[in-house]
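Heads up, coords.cif below (mmCIF, C-alpha atoms):
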```cif
data_my_file
loop_
_atom_site.label_atom_id
_atom_site.label_comp_id
_atom_site.auth_asym_id
_atom_site.auth_seq_id
_atom_site.Cartn_x
_atom_site.Cartn_y
_atom_site.Cartn_z
CA MET Z 1 10.04 -8.06 -12.78
CA LYS Z 2 10.09 -8.31 -9.02
CA GLU Z 3 8.56 -5.81 -6.58
CA THR Z 4 9.22 -6.14 -2.86
CA LEU Z 5 6.85 -3.85 -0.98
CA ILE Z 6 6.29 -3.00 2.68
CA ILE Z 7 3.08 -1.30 3.80
CA ALA Z 8 3.31 -0.06 7.39
CA GLY Z 9 1.15 1.90 9.80
CA PHE Z 10 -1.29 1.48 12.67
CA GLY Z 11 -3.75 -1.38 12.96
CA GLY Z 12 -7.13 -0.23 11.65
CA GLN Z 13 -5.68 1.77 8.74
CA GLY Z 14 -6.24 -1.09 6.30
CA VAL Z 15 -2.56 -1.98 5.98
CA LEU Z 16 -3.11 -5.74 5.78
CA SER Z 17 -6.13 -5.32 3.49
CA MET Z 18 -4.13 -3.17 1.10
CA GLY Z 19 -1.49 -5.89 0.91
CA LYS Z 20 -4.13 -8.55 0.39
CA ILE Z 21 -5.71 -6.60 -2.48
CA LEU Z 22 -2.31 -6.32 -4.17
CA ALA Z 23 -1.60 -10.01 -3.60
CA TYR Z 24 -4.93 -11.06 -5.14
CA SER Z 25 -4.31 -8.67 -8.04
CA GLY Z 26 -0.91 -10.23 -8.66
CA VAL Z 27 -2.38 -13.73 -8.64
CA MET Z 28 -4.93 -12.61 -11.24
CA GLN Z 29 -2.00 -11.58 -13.47
CA ASP Z 30 -0.22 -14.91 -12.98
CA TYR Z 31 2.53 -13.40 -10.84
CA GLU Z 32 4.23 -15.34 -8.11
CA VAL Z 33 3.05 -13.68 -4.89
CA THR Z 34 3.79 -13.64 -1.18
CA TRP Z 35 1.76 -11.82 1.49
CA MET Z 36 3.38 -11.74 4.92
CA PRO Z 37 1.55 -9.79 7.65
CA SER Z 38 3.07 -8.66 10.93
CA TYR Z 39 1.12 -7.02 13.73
CA GLY Z 40 1.17 -6.74 17.49
CA PRO Z 41 -1.36 -8.45 19.74
CA GLU Z 42 -3.20 -5.17 20.31
CA MET Z 43 -4.33 -4.99 16.62
CA ARG Z 44 -6.30 -1.70 16.29
CA GLY Z 45 -4.02 1.18 17.18
CA GLY Z 46 -0.90 -0.99 17.42
CA THR Z 47 1.69 -1.15 14.68
CA ALA Z 48 1.01 -3.33 11.68
CA ASN Z 49 2.84 -4.02 8.46
CA VAL Z 50 2.70 -6.38 5.56
CA THR Z 51 5.32 -7.43 3.07
CA VAL Z 52 4.08 -8.22 -0.43
CA ILE Z 53 6.29 -9.60 -3.16
CA LEU Z 54 5.06 -9.66 -6.76
CA SER Z 55 7.28 -11.41 -9.29
CA ASP Z 56 7.17 -12.97 -12.73
CA LYS Z 57 9.67 -15.59 -11.49
CA LYS Z 58 9.72 -17.93 -8.49
CA ILE Z 59 10.17 -16.18 -5.15
CA SER Z 60 12.93 -17.75 -3.10
CA SER Z 61 11.89 -16.33 0.28
CA PRO Z 62 8.93 -14.31 1.59
CA ILE Z 63 11.24 -12.54 4.05
CA ALA Z 64 12.69 -9.23 2.91
CA HIS Z 65 15.31 -7.06 4.56
CA GLU Z 66 15.13 -4.24 2.01
CA PHE Z 67 12.32 -3.00 -0.17
CA ASP Z 68 11.74 -1.61 -3.65
CA THR Z 69 8.80 0.38 -2.29
CA ALA Z 70 7.62 1.40 1.17
CA ILE Z 71 4.16 2.80 1.89
CA ILE Z 72 4.39 4.56 5.25
CA LEU Z 73 1.32 5.61 7.24
CA ASN Z 74 2.76 6.68 10.61
CA GLN Z 75 5.92 8.16 12.14
CA GLN Z 76 7.10 4.94 13.82
CA SER Z 77 6.99 3.17 10.45
CA MET Z 78 8.85 6.05 8.80
CA GLU Z 79 11.68 5.71 11.29
CA LYS Z 80 11.83 1.95 10.93
CA PHE Z 81 11.37 1.46 7.17
CA GLU Z 82 12.75 4.56 5.41
CA PRO Z 83 16.33 3.23 5.83
CA LEU Z 84 15.29 -0.12 4.34
CA VAL Z 85 14.18 1.23 0.95
CA LYS Z 86 16.71 0.23 -1.70
CA PRO Z 87 18.62 3.09 -3.36
CA GLY Z 88 16.57 4.07 -6.40
CA GLY Z 89 13.43 2.75 -4.69
CA VAL Z 90 10.15 4.49 -3.86
CA LEU Z 91 8.74 5.77 -0.57
CA ILE Z 92 5.10 6.85 -0.42
CA TYR Z 93 3.68 8.36 2.75
CA ASP Z 94 0.44 9.84 4.03
CA THR Z 95 1.16 13.34 5.33
CA ASN Z 96 -1.08 12.98 8.41
CA GLY Z 97 0.78 12.12 11.60
CA ILE Z 98 4.26 12.42 10.09
CA SER Z 99 6.42 14.83 12.06
CA ARG Z 100 9.74 14.01 10.36
CA HIS Z 101 9.46 13.81 6.61
CA PRO Z 102 11.74 11.53 4.57
CA VAL Z 103 15.28 12.83 4.27
CA ARG Z 104 16.90 10.49 1.77
CA ASP Z 105 17.76 11.82 -1.66
CA ASP Z 106 18.68 8.47 -3.24
CA ILE Z 107 15.03 7.35 -3.47
CA GLU Z 108 11.87 8.73 -5.07
CA VAL Z 109 9.58 10.21 -2.42
CA TYR Z 110 5.86 10.79 -2.89
CA SER Z 111 3.30 12.20 -0.48
CA ILE Z 112 -0.43 11.69 -0.48
CA ASP Z 113 -2.89 13.47 1.79
CA ALA Z 114 -5.42 10.65 1.91
CA THR Z 115 -6.50 11.34 5.49
CA SER Z 116 -7.67 14.87 4.65
CA GLU Z 117 -9.25 13.81 1.36
CA CYS Z 118 -11.23 11.04 3.06
CA ALA Z 119 -12.32 13.47 5.81
CA LYS Z 120 -13.59 15.89 3.14
CA MET Z 121 -15.58 13.04 1.61
CA GLY Z 122 -16.80 11.83 5.01
CA GLN Z 123 -15.51 8.37 4.12
CA SER Z 124 -12.62 7.34 6.36
CA LYS Z 125 -13.05 3.71 5.24
CA LEU Z 126 -11.72 4.65 1.80
CA PHE Z 127 -8.32 5.62 3.22
CA ASN Z 128 -6.48 2.44 2.28
CA THR Z 129 -7.88 2.25 -1.25
CA MET Z 130 -6.98 5.91 -1.81
CA ILE Z 131 -3.40 5.17 -0.72
CA LEU Z 132 -3.45 2.11 -2.97
CA GLY Z 133 -4.46 4.34 -5.89
CA GLY Z 134 -1.45 6.57 -5.26
CA TYR Z 135 0.82 3.53 -5.24
CA LEU Z 136 -0.69 2.21 -8.49
CA LYS Z 137 -0.11 5.58 -10.16
CA VAL Z 138 3.60 5.43 -9.25
CA ARG Z 139 4.07 1.67 -9.70
CA PRO Z 140 1.43 0.41 -12.18
CA LEU Z 141 2.31 -3.27 -11.80
CA VAL Z 142 -1.24 -4.61 -11.73
CA LYS Z 143 -4.21 -3.76 -13.93
CA MET Z 144 -7.20 -1.93 -12.49
CA GLU Z 145 -9.60 -4.76 -13.40
CA ASN Z 146 -7.44 -7.15 -11.36
CA VAL Z 147 -7.31 -4.68 -8.46
CA MET Z 148 -11.11 -4.62 -8.46
CA ILE Z 149 -11.22 -8.43 -8.41
CA GLY Z 150 -8.70 -8.39 -5.56
CA LEU Z 151 -10.77 -5.83 -3.71
CA LYS Z 152 -13.93 -7.88 -4.10
CA GLU Z 153 -12.11 -11.03 -2.94
CA SER Z 154 -10.76 -9.28 0.14
CA LEU Z 155 -14.07 -7.67 1.22
CA PRO Z 156 -16.91 -9.53 2.91
CA GLU Z 157 -19.99 -9.84 0.69
CA ARG Z 158 -21.91 -7.32 2.82
CA ALA Z 159 -19.36 -4.64 1.77
CA TRP Z 160 -19.58 -5.26 -2.00
CA LYS Z 161 -22.01 -2.35 -2.32
CA LEU Z 162 -18.99 -0.12 -1.53
CA LEU Z 163 -16.96 -1.37 -4.52
CA PRO Z 164 -17.86 1.61 -6.78
CA MET Z 165 -16.84 4.07 -4.03
CA ASN Z 166 -13.58 2.19 -3.52
CA GLU Z 167 -12.88 2.28 -7.26
CA GLU Z 168 -13.38 6.05 -7.23
CA ALA Z 169 -11.06 6.34 -4.20
CA ILE Z 170 -8.36 4.38 -6.05
CA LYS Z 171 -8.67 6.71 -9.04
CA HIS Z 172 -8.64 9.79 -6.79
CA GLY Z 173 -5.53 8.54 -4.98
CA GLY Z 174 -3.76 8.43 -8.33
CA GLU Z 175 -4.76 12.05 -8.92
CA ILE Z 176 -3.61 13.49 -5.59
CA ILE Z 177 -0.23 11.81 -5.07
CA LYS Z 178 2.67 14.27 -5.34
CA LYS Z 179 6.35 13.75 -6.00
CA ARG Z 180 8.75 15.58 -3.70
#
```

Would you mind writing the structure in this file as C-alpha cells?
Amino acid sequence: MKETLIIAGFGGQGVLSMGKILAYSGVMQDYEVTWMPSYGPEMRGGTANVTVILSDKKISSPIAHEFDTAIILNQQSMEKFEPLVKPGGVLIYDTNGISRHPVRDDIEVYSIDATSECAKMGQSKLFNTMILGGYLKVRPLVKMENVMIGLKESLPERAWKLLPMNEEAIKHGGEIIKKR
C-alpha cells in the first residue's frame, strides 16, 4: 500500500495541520511517512499545500509529481492539482469558493460542503477535521483511534478540550461527503 496525497488551499484553512494529523496517524500504524509542506511567505490567505505519503514500504522520495488523492480547498489549487491526480485516483473538494468544478472523468470526484456545515455549527475551526473525515470515509487508510492520537499530537495542550468536538467533526465529514 502506498498513498500519495496532496492537500491544497489557502493558509489558515488547516491544510498543513490536516497533513500533520495524517502523518502522525500513519506513524502510529507503523507506516513509512513523509510530510512535506509548501507555503508562501504571506501564510494566512496565501496558498499552502502539503504532500503526505503513507506507505507500508520504504519511501524513495518525498517529492511527488502526481497524486493518488488530492484534497482541494480553493480554485487556484483546483487548477494546479486536478491535472496531477493519477487516472483512477481520487479528488475531494470543498464546494465553497470553487467556480470551476472538476471536469475529469478518469478519476473519482467527491464534494464536501464543510464550509457551510461549520458555519451552521458556528465552529469554523472544525473545517479541516471535517474535510479530514470526508477523506477518511473515502480512503480509510488509518484507524480513527490513531487519527485522534495524531490530532492530539498536532494540537497545543490548550486546545485539547476541543478534541471531542473535532472527533464529531471527523465523523460528520464522513457523513456529508458526496460522490459525483

Please evaluate the PyMOL selection byres ((chain Z and resi 3) around 9) against the structure above and give the resulting residues as a list in words.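 So the PyMOL selection byres ((chain Z and resi 3) around 9) ends up selecting Met1, Lys2, Thr4, Leu5, Val52, Ile53, Leu54, Ser55, Phe67, Asp68, Thr69 and Leu141 of chain Z.
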
Point-to-point distance from CA of Val90 in chain Z to CA of Ser38 in chain Z, Å rounded to tenths: 21.0 Å

To one decimal place in Å, what is the distance between CA of Asp105 in chain Z and CA of Ile177 in chain Z? 18.3 Å

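Take CA of Leu163 in chain Z and CA of Ser116 in chain Z: the distance between them is 20.8 Å.
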
From the options Z:Lys57, Z:Lys80, Z:Lys178, Z:Lys125, which residue's atoms come nearest to Gly12 in chain Z, counting only C-alpha atoms?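 That would be Z:Lys125, the residue with the smallest distance to Gly12 in chain Z.
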
Using all atoms listed in the file, what residues lie at most 8 Å away from (1.6, 6.0, -0.4) (file coordinates), given as number ranges by chain? Z: 70-73, 91-94, 110-112, 131-132, 134-135, 177

Taking the file as shown, what set of residues would the PyMOL selection byres ((chain Z and resi 148) around 12) give back, as JSON, numbers by chain? {"Z": [18, 20, 21, 22, 23, 24, 25, 26, 28, 129, 132, 133, 142, 143, 144, 145, 146, 147, 149, 150, 151, 152, 153, 154, 155, 160, 162, 163, 164, 165, 166, 167, 168, 169, 170, 171]}

Output file for the residues above (C-alpha atoms, as a PDB file, in the frame of the given file):
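Written out: result.pdb:
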```pdb
ATOM      1  CA  MET Z  18      -4.130  -3.170   1.100  1.00  0.00           C
ATOM      2  CA  LYS Z  20      -4.130  -8.550   0.390  1.00  0.00           C
ATOM      3  CA  ILE Z  21      -5.710  -6.600  -2.480  1.00  0.00           C
ATOM      4  CA  LEU Z  22      -2.310  -6.320  -4.170  1.00  0.00           C
ATOM      5  CA  ALA Z  23      -1.600 -10.010  -3.600  1.00  0.00           C
ATOM      6  CA  TYR Z  24      -4.930 -11.060  -5.140  1.00  0.00           C
ATOM      7  CA  SER Z  25      -4.310  -8.670  -8.040  1.00  0.00           C
ATOM      8  CA  GLY Z  26      -0.910 -10.230  -8.660  1.00  0.00           C
ATOM      9  CA  MET Z  28      -4.930 -12.610 -11.240  1.00  0.00           C
ATOM     10  CA  THR Z 129      -7.880   2.250  -1.250  1.00  0.00           C
ATOM     11  CA  LEU Z 132      -3.450   2.110  -2.970  1.00  0.00           C
ATOM     12  CA  GLY Z 133      -4.460   4.340  -5.890  1.00  0.00           C
ATOM     13  CA  VAL Z 142      -1.240  -4.610 -11.730  1.00  0.00           C
ATOM     14  CA  LYS Z 143      -4.210  -3.760 -13.930  1.00  0.00           C
ATOM     15  CA  MET Z 144      -7.200  -1.930 -12.490  1.00  0.00           C
ATOM     16  CA  GLU Z 145      -9.600  -4.760 -13.400  1.00  0.00           C
ATOM     17  CA  ASN Z 146      -7.440  -7.150 -11.360  1.00  0.00           C
ATOM     18  CA  VAL Z 147      -7.310  -4.680  -8.460  1.00  0.00           C
ATOM     19  CA  ILE Z 149     -11.220  -8.430  -8.410  1.00  0.00           C
ATOM     20  CA  GLY Z 150      -8.700  -8.390  -5.560  1.00  0.00           C
ATOM     21  CA  LEU Z 151     -10.770  -5.830  -3.710  1.00  0.00           C
ATOM     22  CA  LYS Z 152     -13.930  -7.880  -4.100  1.00  0.00           C
ATOM     23  CA  GLU Z 153     -12.110 -11.030  -2.940  1.00  0.00           C
ATOM     24  CA  SER Z 154     -10.760  -9.280   0.140  1.00  0.00           C
ATOM     25  CA  LEU Z 155     -14.070  -7.670   1.220  1.00  0.00           C
ATOM     26  CA  TRP Z 160     -19.580  -5.260  -2.000  1.00  0.00           C
ATOM     27  CA  LEU Z 162     -18.990  -0.120  -1.530  1.00  0.00           C
ATOM     28  CA  LEU Z 163     -16.960  -1.370  -4.520  1.00  0.00           C
ATOM     29  CA  PRO Z 164     -17.860   1.610  -6.780  1.00  0.00           C
ATOM     30  CA  MET Z 165     -16.840   4.070  -4.030  1.00  0.00           C
ATOM     31  CA  ASN Z 166     -13.580   2.190  -3.520  1.00  0.00           C
ATOM     32  CA  GLU Z 167     -12.880   2.280  -7.260  1.00  0.00           C
ATOM     33  CA  GLU Z 168     -13.380   6.050  -7.230  1.00  0.00           C
ATOM     34  CA  ALA Z 169     -11.060   6.340  -4.200  1.00  0.00           C
ATOM     35  CA  ILE Z 170      -8.360   4.380  -6.050  1.00  0.00           C
ATOM     36  CA  LYS Z 171      -8.670   6.710  -9.040  1.00  0.00           C
TER      37      LYS Z 171
END
```

Taking the file as shown, find all residues satisfying the PyMOL selection byres ((chain Z and resi 49) around 9) and write them as a tab-separated table (two decimals) with C-alpha atoms, in the coordinates of the input.
```tsv
chain	number	residue	atom	x	y	z
Z	6	ILE	CA	6.29	-3.00	2.68
Z	7	ILE	CA	3.08	-1.30	3.80
Z	8	ALA	CA	3.31	-0.06	7.39
Z	9	GLY	CA	1.15	1.90	9.80
Z	10	PHE	CA	-1.29	1.48	12.67
Z	11	GLY	CA	-3.75	-1.38	12.96
Z	15	VAL	CA	-2.56	-1.98	5.98
Z	16	LEU	CA	-3.11	-5.74	5.78
Z	19	GLY	CA	-1.49	-5.89	0.91
Z	36	MET	CA	3.38	-11.74	4.92
Z	37	PRO	CA	1.55	-9.79	7.65
Z	38	SER	CA	3.07	-8.66	10.93
Z	39	TYR	CA	1.12	-7.02	13.73
Z	47	THR	CA	1.69	-1.15	14.68
Z	48	ALA	CA	1.01	-3.33	11.68
Z	50	VAL	CA	2.70	-6.38	5.56
Z	51	THR	CA	5.32	-7.43	3.07
Z	77	SER	CA	6.99	3.17	10.45
```

Using all atoms listed in the file - which residues lie no farther than 9 Å from the point (-8.9, 13.7, -4.1) in the file's frame? Write them as a ChimeraX atom specification. /Z:113-114,116-118,120-121,130,169,171-177

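Candidate residues Z:Met78, Z:Val85, Z:Val138, Z:Val103 were compared for distance to Ala64 in chain Z, and the nearest is Z:Val85, using all atoms listed in the file.
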